[in-house]
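As stored in input-v1.pdb (PDB, C-alpha atoms and all ligand atoms):
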ATOM      1  CA  MET A  19     -13.155 -38.766  -6.453
ATOM      2  CA  ALA A  20     -12.238 -37.808 -10.003
ATOM      3  CA  THR A  21     -13.815 -34.817 -11.757
ATOM      4  CA  VAL A  22     -14.208 -34.076 -15.451
ATOM      5  CA  HIS A  23     -11.040 -31.933 -15.187
ATOM      6  CA  ASN A  24      -8.927 -34.036 -12.835
ATOM      7  CA  LYS A  25      -8.633 -37.827 -12.952
ATOM      8  CA  ALA A  26      -6.725 -38.131  -9.662
ATOM      9  CA  SER A  27      -8.414 -39.933  -6.793
ATOM     10  CA  LYS A  28      -8.788 -38.056  -3.513
ATOM     11  CA  GLU A  29      -6.098 -40.225  -1.933
ATOM     12  CA  GLU A  30      -3.594 -39.284  -4.628
ATOM     13  CA  VAL A  31      -3.716 -35.546  -3.804
ATOM     14  CA  ALA A  32      -1.718 -34.202  -0.839
ATOM     15  CA  SER A  33      -3.187 -31.660   1.585
ATOM     16  CA  VAL A  34      -0.729 -28.984   0.348
ATOM     17  CA  VAL A  35      -0.380 -27.969  -3.298
ATOM     18  CA  LEU A  36       2.223 -25.946  -5.184
ATOM     19  CA  MET A  37       0.436 -24.413  -8.202
ATOM     20  CA  PRO A  38       2.247 -22.861 -11.175
ATOM     21  CA  GLY A  39       0.307 -21.661 -14.209
ATOM     22  CA  ASP A  40       2.417 -23.597 -16.705
ATOM     23  CA  PRO A  41       1.929 -27.415 -16.866
ATOM     24  CA  LEU A  42       5.530 -27.868 -18.038
ATOM     25  CA  ARG A  43       6.752 -25.888 -15.009
ATOM     26  CA  ALA A  44       4.744 -28.355 -12.895
ATOM     27  CA  ARG A  45       6.533 -31.267 -14.596
ATOM     28  CA  TYR A  46       9.931 -29.575 -14.135
ATOM     29  CA  ILE A  47       9.283 -29.067 -10.402
ATOM     30  CA  ALA A  48       8.093 -32.631  -9.880
ATOM     31  CA  GLU A  49      11.039 -34.137 -11.767
ATOM     32  CA  LYS A  50      13.653 -31.946 -10.062
ATOM     33  CA  TYR A  51      12.372 -31.721  -6.490
ATOM     34  CA  LEU A  52       9.935 -34.562  -5.654
ATOM     35  CA  GLN A  53      11.028 -38.080  -4.793
ATOM     36  CA  ASP A  54       8.882 -40.890  -6.232
ATOM     37  CA  ALA A  55       6.779 -38.349  -8.124
ATOM     38  CA  ALA A  56       3.697 -39.948  -9.696
ATOM     39  CA  LEU A  57       1.713 -38.324 -12.486
ATOM     40  CA  ILE A  58      -1.844 -38.134 -11.114
ATOM     41  CA  ASN A  59      -3.553 -35.938 -13.728
ATOM     42  CA  ASP A  60      -3.115 -35.169 -17.408
ATOM     43  CA  VAL A  61      -6.680 -34.311 -18.393
ATOM     44  CA  ARG A  62      -6.463 -31.353 -20.837
ATOM     45  CA  GLY A  63      -2.682 -31.425 -20.273
ATOM     46  CA  MET A  64      -3.107 -29.877 -16.800
ATOM     47  CA  LEU A  65      -0.300 -31.950 -15.315
ATOM     48  CA  ALA A  66      -0.357 -32.851 -11.612
ATOM     49  CA  TYR A  67       2.122 -34.915  -9.633
ATOM     50  CA  THR A  68       2.319 -36.101  -6.040
ATOM     51  CA  GLY A  69       5.618 -37.036  -4.455
ATOM     52  CA  SER A  70       7.725 -36.585  -1.394
ATOM     53  CA  TYR A  71       9.763 -33.522  -0.446
ATOM     54  CA  ARG A  72      12.072 -34.022   2.550
ATOM     55  CA  GLY A  73       9.822 -36.861   3.678
ATOM     56  CA  LYS A  74       6.426 -35.138   3.371
ATOM     57  CA  ARG A  75       3.761 -35.499   0.640
ATOM     58  CA  ILE A  76       3.318 -32.530  -1.674
ATOM     59  CA  THR A  77       1.226 -32.175  -4.852
ATOM     60  CA  VAL A  78       2.334 -29.950  -7.742
ATOM     61  CA  MET A  79      -0.497 -29.083 -10.129
ATOM     62  CA  ALA A  80      -0.774 -26.485 -12.896
ATOM     63  CA  SER A  81      -3.640 -23.982 -12.934
ATOM     64  CA  GLY A  82      -3.514 -22.899 -16.574
ATOM     65  CA  MET A  83      -3.919 -19.213 -17.413
ATOM     66  CA  GLY A  84      -6.540 -16.796 -16.128
ATOM     67  CA  CYS A  85      -9.086 -16.637 -13.316
ATOM     68  CA  GLY A  86     -11.501 -18.960 -15.126
ATOM     69  CA  SER A  87      -8.979 -21.795 -15.270
ATOM     70  CA  MET A  88      -7.537 -21.184 -11.784
ATOM     71  CA  GLY A  89     -11.136 -20.960 -10.525
ATOM     72  CA  ILE A  90     -11.964 -24.473 -11.737
ATOM     73  CA  TYR A  91      -8.851 -26.235 -10.461
ATOM     74  CA  SER A  92      -8.585 -24.492  -7.092
ATOM     75  CA  HIS A  93     -12.326 -24.947  -6.454
ATOM     76  CA  GLU A  94     -12.020 -28.672  -7.077
ATOM     77  CA  LEU A  95      -8.864 -29.018  -4.974
ATOM     78  CA  PHE A  96     -10.349 -27.184  -1.981
ATOM     79  CA  ASN A  97     -13.882 -28.553  -2.165
ATOM     80  CA  LYS A  98     -13.601 -32.042  -3.688
ATOM     81  CA  TYR A  99     -10.056 -33.117  -2.785
ATOM     82  CA  ASP A 100      -9.932 -31.668   0.772
ATOM     83  CA  VAL A 101      -6.774 -29.675  -0.005
ATOM     84  CA  GLU A 102      -5.953 -27.261   2.833
ATOM     85  CA  ILE A 103      -3.255 -25.038   1.300
ATOM     86  CA  ILE A 104      -2.446 -23.848  -2.219
ATOM     87  CA  ILE A 105       0.512 -21.594  -2.998
ATOM     88  CA  ARG A 106       0.519 -20.111  -6.495
ATOM     89  CA  THR A 107       4.117 -20.110  -7.759
ATOM     90  CA  GLY A 108       3.988 -18.031 -10.906
ATOM     91  CA  SER A 109       5.391 -15.303 -13.097
ATOM     92  CA  CYS A 110       4.358 -11.652 -13.177
ATOM     93  CA  GLY A 111       4.870  -8.452 -15.114
ATOM     94  CA  ALA A 112       6.431  -5.501 -13.236
ATOM     95  CA  TYR A 113       4.779  -2.064 -13.365
ATOM     96  CA  THR A 114       7.512  -0.276 -11.391
ATOM     97  CA  MET A 115      11.250   0.381 -11.504
ATOM     98  CA  ASP A 116      11.298  -0.941  -7.906
ATOM     99  CA  LEU A 117      11.107  -4.443  -9.390
ATOM    100  CA  ALA A 118      13.674  -5.987 -11.760
ATOM    101  CA  LEU A 119      13.548  -9.120 -13.901
ATOM    102  CA  MET A 120      13.902 -12.259 -11.699
ATOM    103  CA  ASP A 121      13.020 -10.412  -8.463
ATOM    104  CA  LEU A 122      10.515 -12.182  -6.214
ATOM    105  CA  PHE A 123       7.200 -10.434  -5.555
ATOM    106  CA  ILE A 124       5.140 -11.675  -2.586
ATOM    107  CA  PRO A 125       1.850  -9.755  -2.747
ATOM    108  CA  ASP A 126       0.170  -8.767   0.524
ATOM    109  CA  SER A 127      -3.030  -7.810  -1.355
ATOM    110  CA  CYS A 128      -4.494  -8.338  -4.781
ATOM    111  CA  TRP A 129      -6.785  -5.992  -6.716
ATOM    112  CA  SER A 130      -8.763  -6.957  -9.802
ATOM    113  CA  GLN A 131     -11.510  -5.676 -12.104
ATOM    114  CA  SER A 132     -12.399  -9.337 -12.738
ATOM    115  CA  ALA A 133     -16.037 -10.397 -12.347
ATOM    116  CA  TYR A 134     -14.789 -13.774 -11.038
ATOM    117  CA  ALA A 135     -15.644 -13.212  -7.349
ATOM    118  CA  SER A 136     -19.055 -11.692  -7.930
ATOM    119  CA  ILE A 137     -20.041 -14.506 -10.310
ATOM    120  CA  TYR A 138     -18.585 -17.249  -8.068
ATOM    121  CA  SER A 139     -19.962 -16.128  -4.718
ATOM    122  CA  GLY A 140     -21.779 -12.805  -5.082
ATOM    123  CA  CYS A 141     -18.900 -11.030  -3.325
ATOM    124  CA  THR A 142     -18.337  -7.544  -4.734
ATOM    125  CA  ASP A 143     -14.989  -6.876  -3.001
ATOM    126  CA  ASP A 144     -12.302  -5.986  -5.529
ATOM    127  CA  VAL A 145      -9.370  -6.620  -3.156
ATOM    128  CA  VAL A 146      -8.466 -10.037  -1.729
ATOM    129  CA  TYR A 147      -5.676 -11.065   0.631
ATOM    130  CA  PRO A 148      -3.349 -14.036   1.155
ATOM    131  CA  ASP A 149      -3.485 -16.060   4.334
ATOM    132  CA  PRO A 150      -1.384 -13.964   6.747
ATOM    133  CA  GLU A 151       0.590 -16.888   8.194
ATOM    134  CA  LEU A 152       1.473 -18.301   4.762
ATOM    135  CA  TRP A 153       2.403 -14.824   3.556
ATOM    136  CA  ALA A 154       4.691 -14.288   6.564
ATOM    137  CA  ASP A 155       6.302 -17.710   6.031
ATOM    138  CA  LEU A 156       7.039 -16.916   2.369
ATOM    139  CA  TRP A 157       8.462 -13.516   3.309
ATOM    140  CA  GLU A 158      10.654 -14.886   6.088
ATOM    141  CA  CYS A 159      11.939 -17.742   3.918
ATOM    142  CA  ALA A 160      12.879 -15.362   1.079
ATOM    143  CA  GLN A 161      14.651 -13.168   3.642
ATOM    144  CA  GLN A 162      16.576 -16.115   5.122
ATOM    145  CA  LYS A 163      17.732 -17.150   1.642
ATOM    146  CA  LYS A 164      18.832 -13.529   1.002
ATOM    147  CA  LEU A 165      16.773 -13.304  -2.206
ATOM    148  CA  ALA A 166      15.689  -9.992  -3.772
ATOM    149  CA  HIS A 167      12.024  -9.749  -2.816
ATOM    150  CA  LYS A 168       9.324  -7.094  -2.519
ATOM    151  CA  LYS A 169       5.788  -6.898  -1.172
ATOM    152  CA  GLY A 170       2.826  -4.780  -2.231
ATOM    153  CA  CYS A 171      -0.440  -4.934  -4.121
ATOM    154  CA  LEU A 172      -0.737  -7.271  -7.121
ATOM    155  CA  HIS A 173      -3.047  -6.613 -10.070
ATOM    156  CA  THR A 174      -4.791  -9.726 -11.395
ATOM    157  CA  SER A 175      -5.835  -8.980 -14.964
ATOM    158  CA  ASP A 176      -8.176 -10.847 -17.294
ATOM    159  CA  CYS A 177      -5.986  -9.681 -20.191
ATOM    160  CA  PHE A 178      -2.365 -10.308 -21.118
ATOM    161  CA  TYR A 179      -2.606  -8.105 -24.223
ATOM    162  CA  TYR A 180      -4.115  -4.609 -24.245
ATOM    163  CA  LYS A 181      -5.192  -2.364 -27.093
ATOM    164  CA  LYS A 182      -5.055   0.681 -24.769
ATOM    165  CA  LYS A 183      -1.445   0.544 -23.499
ATOM    166  CA  GLU A 184      -1.872   3.356 -20.972
ATOM    167  CA  ASP A 185      -4.281   1.283 -18.852
ATOM    168  CA  LYS A 186      -1.443  -0.595 -17.113
ATOM    169  CA  HIS A 187       0.128   2.616 -15.926
ATOM    170  CA  LEU A 188      -3.167   4.036 -14.657
ATOM    171  CA  ILE A 189      -3.604   0.858 -12.633
ATOM    172  CA  CYS A 190      -0.141   1.275 -11.176
ATOM    173  CA  GLU A 191      -0.733   4.920 -10.259
ATOM    174  CA  GLU A 192      -4.365   4.796  -9.101
ATOM    175  CA  LYS A 193      -4.515   1.337  -7.504
ATOM    176  CA  LYS A 194      -0.877   1.251  -6.342
ATOM    177  CA  CYS A 195      -0.327  -2.158  -7.957
ATOM    178  CA  LEU A 196       3.346  -3.024  -8.437
ATOM    179  CA  ALA A 197       2.941  -6.046 -10.711
ATOM    180  CA  VAL A 198       0.408  -8.087 -12.666
ATOM    181  CA  ASP A 199      -0.575 -11.742 -12.978
ATOM    182  CA  MET A 200      -3.735 -13.464 -14.214
ATOM    183  CA  GLU A 201      -4.802 -15.967 -11.510
ATOM    184  CA  SER A 202      -4.172 -14.850  -7.919
ATOM    185  CA  PHE A 203      -7.497 -13.043  -7.458
ATOM    186  CA  ALA A 204      -9.480 -16.222  -8.189
ATOM    187  CA  LEU A 205      -7.243 -18.403  -6.012
ATOM    188  CA  LEU A 206      -7.329 -16.099  -2.974
ATOM    189  CA  HIS A 207     -11.090 -15.610  -3.317
ATOM    190  CA  ASN A 208     -11.788 -19.357  -3.607
ATOM    191  CA  ALA A 209      -9.631 -20.009  -0.551
ATOM    192  CA  ALA A 210     -11.488 -17.391   1.497
ATOM    193  CA  ILE A 211     -14.900 -18.791   0.530
ATOM    194  CA  ALA A 212     -13.803 -22.383   1.262
ATOM    195  CA  GLN A 213     -12.174 -21.279   4.549
ATOM    196  CA  LYS A 214      -8.869 -22.713   3.340
ATOM    197  CA  LYS A 215      -5.408 -21.098   3.031
ATOM    198  CA  ALA A 216      -3.708 -19.658  -0.049
ATOM    199  CA  ALA A 217      -0.932 -17.259  -0.975
ATOM    200  CA  THR A 218       1.044 -16.227  -4.023
ATOM    201  CA  ILE A 219       4.737 -15.878  -4.778
ATOM    202  CA  LEU A 220       5.803 -14.605  -8.202
ATOM    203  CA  THR A 221       9.003 -14.062 -10.170
ATOM    204  CA  VAL A 222       9.180 -11.006 -12.421
ATOM    205  CA  SER A 223       9.251 -12.307 -16.010
ATOM    206  CA  ASP A 224       8.326  -9.109 -17.885
ATOM    207  CA  HIS A 225       8.936  -5.416 -17.288
ATOM    208  CA  SER A 226       6.400  -3.032 -18.763
ATOM    209  CA  LEU A 227       8.644   0.046 -18.356
ATOM    210  CA  LEU A 228      11.935  -1.511 -19.472
ATOM    211  CA  LYS A 229      10.368  -3.689 -22.204
ATOM    212  CA  GLU A 230      12.451  -6.630 -20.987
ATOM    213  CA  LYS A 231      11.200 -10.197 -20.778
ATOM    214  CA  LEU A 232      12.320 -13.730 -19.992
ATOM    215  CA  SER A 233      12.075 -16.465 -22.624
ATOM    216  CA  ALA A 234       9.484 -19.255 -22.498
ATOM    217  CA  ALA A 235      12.257 -21.653 -21.437
ATOM    218  CA  GLN A 236      13.292 -19.372 -18.546
ATOM    219  CA  ARG A 237       9.646 -19.143 -17.419
ATOM    220  CA  GLN A 238       9.357 -22.929 -17.538
ATOM    221  CA  SER A 239      12.514 -23.937 -15.712
ATOM    222  CA  GLY A 240      14.359 -20.821 -14.489
ATOM    223  CA  PHE A 241      12.526 -20.208 -11.221
ATOM    224  CA  ASP A 242      14.384 -22.508  -8.808
ATOM    225  CA  GLU A 243      14.774 -19.895  -6.060
ATOM    226  CA  MET A 244      11.026 -19.186  -5.915
ATOM    227  CA  ILE A 245      10.218 -22.899  -6.122
ATOM    228  CA  GLU A 246      12.565 -23.686  -3.217
ATOM    229  CA  VAL A 247      10.959 -20.959  -1.063
ATOM    230  CA  THR A 248       7.507 -22.381  -1.816
ATOM    231  CA  LEU A 249       8.544 -25.984  -1.127
ATOM    232  CA  ASP A 250      10.093 -25.014   2.211
ATOM    233  CA  VAL A 251       6.890 -23.241   3.290
ATOM    234  CA  LEU A 252       4.640 -26.093   2.112
ATOM    235  CA  TRP A 253       6.921 -28.599   3.873
ATOM    236  CA  LYS A 254       6.381 -26.704   7.154
ATOM    237  CA  HIS A 255       2.595 -27.049   6.760
ATOM    238  CA  ALA A 256       2.452 -30.544   5.218
ATOM    239  CA  LYS A 257       1.224 -33.490   7.289
TER     240      LYS A 257
HETATM  241  O1  LIG B 301       3.739 -18.146 -15.434
HETATM  242  P1  LIG B 301       2.336 -18.306 -14.892
HETATM  243  O2  LIG B 301       2.314 -18.920 -13.564
HETATM  244  O3  LIG B 301       1.411 -18.988 -15.863
HETATM  245  O4  LIG B 301       1.785 -16.783 -14.709
HETATM  246  C1  LIG B 301       1.674 -15.780 -15.681
HETATM  247  O5  LIG B 301       1.992 -16.155 -17.013
HETATM  248  C2  LIG B 301       0.808 -16.255 -17.819
HETATM  249  C3  LIG B 301       0.848 -15.233 -18.913
HETATM  250  O6  LIG B 301       1.950 -15.382 -19.738
HETATM  251  C4  LIG B 301      -0.358 -16.041 -16.872
HETATM  252  O7  LIG B 301      -0.791 -17.282 -16.417
HETATM  253  C5  LIG B 301       0.274 -15.198 -15.792
HETATM  254  O8  LIG B 301      -0.381 -15.165 -14.558
HETATM  255  O1  LIG B 302       0.182 -11.806 -16.266
HETATM  256  C1  LIG B 302       1.322 -11.540 -16.605
HETATM  257  C2  LIG B 302       2.423 -12.380 -16.299
HETATM  258  C3  LIG B 302       3.665 -12.047 -16.701
HETATM  259  N1  LIG B 302       3.824 -10.899 -17.381
HETATM  260  C4  LIG B 302       2.799 -10.082 -17.686
HETATM  261  O2  LIG B 302       2.987  -9.047 -18.329
HETATM  262  N2  LIG B 302       1.574 -10.426 -17.276
END
Now that the file is in, can you turn its structure into structure tokens?
Amino acid sequence: MATVHNKASKEEVASVVLMPGDPLRARYIAEKYLQDAALINDVRGMLAYTGSYRGKRITVMASGMGCGSMGIYSHELFNKYDVEIIIRTGSCGAYTMDLALMDLFIPDSCWSQSAYASIYSGCTDDVVYPDPELWADLWECAQQKKLAHKKGCLHTSDCFYYKKKEDKHLICEEKKCLAVDMESFALLHNAAIAQKKAATILTVSDHSLLKEKLSAAQRQSGFDEMIEVTLDVLWKHAK
């Protein structure tokens, strides 16, 4: 059943979804890793593809930026397309010298000041969690591939730009958040409410202490290690 945001039919969407923020990262993943990838959505440019990875069906669909956008697409996937698992495969900004550019960050909790959860479901919790089995699978897979990876609390922010620069560092010190993205809080909350499974894996693309950052091209097509970890975990859970 199509929605106003997604023209795919229910049958065209797999039960497991890899979800980057960037639509062009979605296209890159589909073209590089999926066999017989078919474009199933392009409404608003939010590209989605379904294809086969090592013989199992996987959908790759972009979320766009921010909890509002992730909220729409993950709600529809869980509740209208019967998707069981979404793994956000994104970029993040590091708040700590314990993380370097291109390191993997696999958050075991996610804190946010966002009003998303209270507006969506009335839930006033400000910390959400990934599915423990998916989280453990991501962690173990990154370990097996001998990739630099860290765990800890992620900050999901409604803002990419700040007028008050010191806020980021207060969040790091007071809330013990090691890195920041803009979507995981909405995804993990929607999964919990729908009684589905979700987790996040991120590559460090910006460093707030070192003032280093990856280019747009690196963020679009430079994350193969993280993508391969995600695909291996989704493959394990795919039907
Ligand atoms: O690279 P993606 O997955 O979009 O993730 C990060 O990049 C965007 C900001 O530049 C936000 O969406 C943030 O969460
Ligand atoms: O949300 C994000 C993502 C990458 N880098 C940041 O600084 N913030």
Exercise. Tell me, as a list in words, which residues lie within 8 Å of region 125-135 of chain A, counting only C-alpha atoms; anything in the same chain fewer than 5 positions away does not count.
Key: Cys85, Gly86, Gly140, Cys141, Thr142, Asp143, Asp144, Val145, Val146, Tyr147, Pro148, Trp153, Lys168, Lys169, Gly170, Cys171, Leu172, His173, Thr174, Ser175, Asp176, Lys193, Cys195, Ser202, Phe203, Ala204, His207, Thr218 and Ile219 of chain A
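Pairwise distance (CA of Met88 (chain A), CA of Gln161 (chain A)) equals 28.2 Å.
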Practice problem: Taking only C-alpha atoms and all ligand atoms into account, report as a ChimeraX atom specification which residues have an atom no farther than 6 Å from an atom of ligand LIG 301 (chain B). | Solution: /A:38-40,83-84,108-110,199-201
Quiz item: the PyMOL selection byres (((chain A and resi 67-69) around 8) and not hetatm) on the file shown: which residues, as a list in words?
Solution: Glu30, Val31, Ala32, Ala44, Arg45, Ala48, Leu52, Gln53, Asp54, Ala55, Ala56, Leu57, Ile58, Asn59, Leu65, Ala66, Ser70, Tyr71, Arg75, Ile76, Thr77, Val78 and Met79 of chain A
Quiz item: Counting only C-alpha atoms, what is within 8 Å of region 154-156 of chain A, bar same-chain residues fewer than 3 positions away, as a list in words?
Solution: Ile124, Pro150, Glu151, Cys159, Ala160, Ile219, Val247, Thr248 and Val251 of chain A
What are the centre and edge lengths in Å, to one decimal, of the axis-aligned box around all listed atoms of ligand LIG 302 (chain B) with 4 Å added on each side, as JSON?
{"center_x": 2.0, "center_y": -10.7, "center_z": -17.3, "size_x": 11.6, "size_y": 11.3, "size_z": 10.1}
Quiz prompt | Counting only C-alpha atoms, the option among A:Ile189, A:Met64, A:Ala216, A:Leu117 closest to Ser87 (chain A) | solution =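 When distances to Ser87 (chain A) are compared using only C-alpha atoms, the smallest one comes from A:Met64.
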Practice problem: Identify which of the residues A:Gln162, A:Ser92, A:Ser233, A:Thr107 lies closest to Ala212 (chain A), counting all atoms listed in the file when measuring atom-to-atom distances. | Solution: A:Ser92
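Nearest-residue note for ligand LIG 302 (chain B): choosing from A:Cys190, A:Asn208, A:Leu152, A:Tyr113, the minimum distance belongs to A:Tyr113, counting only C-alpha atoms and all ligand atoms.
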Quiz item: If you apply the PyMOL selection byres (((chain A and resi 23) around 8) and not hetatm) to this file, what residues do you get, as a PyMOL selection string?
Solution: chain A and resi 20-22+24-25+61-62+91
Quiz prompt | Shell around region 226-229 of chain A at 10 Å using only C-alpha atoms, local window under 5 positions removed, as a list in words | solution =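 After dropping sequence-adjacent residues, the list is Gly111, Ala112, Tyr113, Thr114, Met115, Ala118, Leu119, Lys183, Lys186, His187, Ala197 and Val198 of chain A.
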Restricting it to C-alpha atoms, dump the selection as a PDB file, in the frame of the given file.
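The new file result_36.pdb reads:
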ATOM      1  CA  GLY A 111       4.870  -8.452 -15.114  1.00  0.00           C
ATOM      2  CA  ALA A 112       6.431  -5.501 -13.236  1.00  0.00           C
ATOM      3  CA  TYR A 113       4.779  -2.064 -13.365  1.00  0.00           C
ATOM      4  CA  THR A 114       7.512  -0.276 -11.391  1.00  0.00           C
ATOM      5  CA  MET A 115      11.250   0.381 -11.504  1.00  0.00           C
ATOM      6  CA  ALA A 118      13.674  -5.987 -11.760  1.00  0.00           C
ATOM      7  CA  LEU A 119      13.548  -9.120 -13.901  1.00  0.00           C
ATOM      8  CA  LYS A 183      -1.445   0.544 -23.499  1.00  0.00           C
ATOM      9  CA  LYS A 186      -1.443  -0.595 -17.113  1.00  0.00           C
ATOM     10  CA  HIS A 187       0.128   2.616 -15.926  1.00  0.00           C
ATOM     11  CA  ALA A 197       2.941  -6.046 -10.711  1.00  0.00           C
ATOM     12  CA  VAL A 198       0.408  -8.087 -12.666  1.00  0.00           C
TER      13      VAL A 198
END
Quiz item: Between A:Glu158, A:Glu29, A:Glu246, A:Asp224, which one has atoms that come closest to ligand LIG 302 (chain B), using all atoms listed in the file?
Solution: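 Distance minimum relative to ligand LIG 302 (chain B) lands on A:Asp224.
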Practice problem: Record the distance separating CA of Lys254 (chain A) and CA of Glu49 (chain A), expressed in Å with one decimal. | Solution: 20.9 Å
Exercise. One decimal, Å: what's the distance from CA of Ala166 (chain A) over to CA of Leu220 (chain A), could you say?
Key: 11.8 Å
Quiz item: Taking all atoms listed in the file into account, which of A:Lys74, A:Gln213, A:Ala256, A:Met120 comes nearest ligand LIG 302 (chain B)?
Solution: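 Using all atoms listed in the file, ligand LIG 302 (chain B) sits closest to A:Met120.
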Quiz item: Which residue out of A:Asp116, A:Asp60, A:Asp149, A:Glu230 has the minimum interatomic distance to ligand LIG 302 (chain B) when only C-alpha atoms and all ligand atoms are used?
Solution: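 When distances to ligand LIG 302 (chain B) are compared using only C-alpha atoms and all ligand atoms, the smallest one comes from A:Glu230.
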Exercise. Name the residues that the PyMOL selection byres (((chain A and resi 235-241) around 8) and not hetatm) pulls out of this structure, and write them as a PyMOL selection string.
Key: chain A and resi 40+42-43+46+109+221+223+232-234+242-245
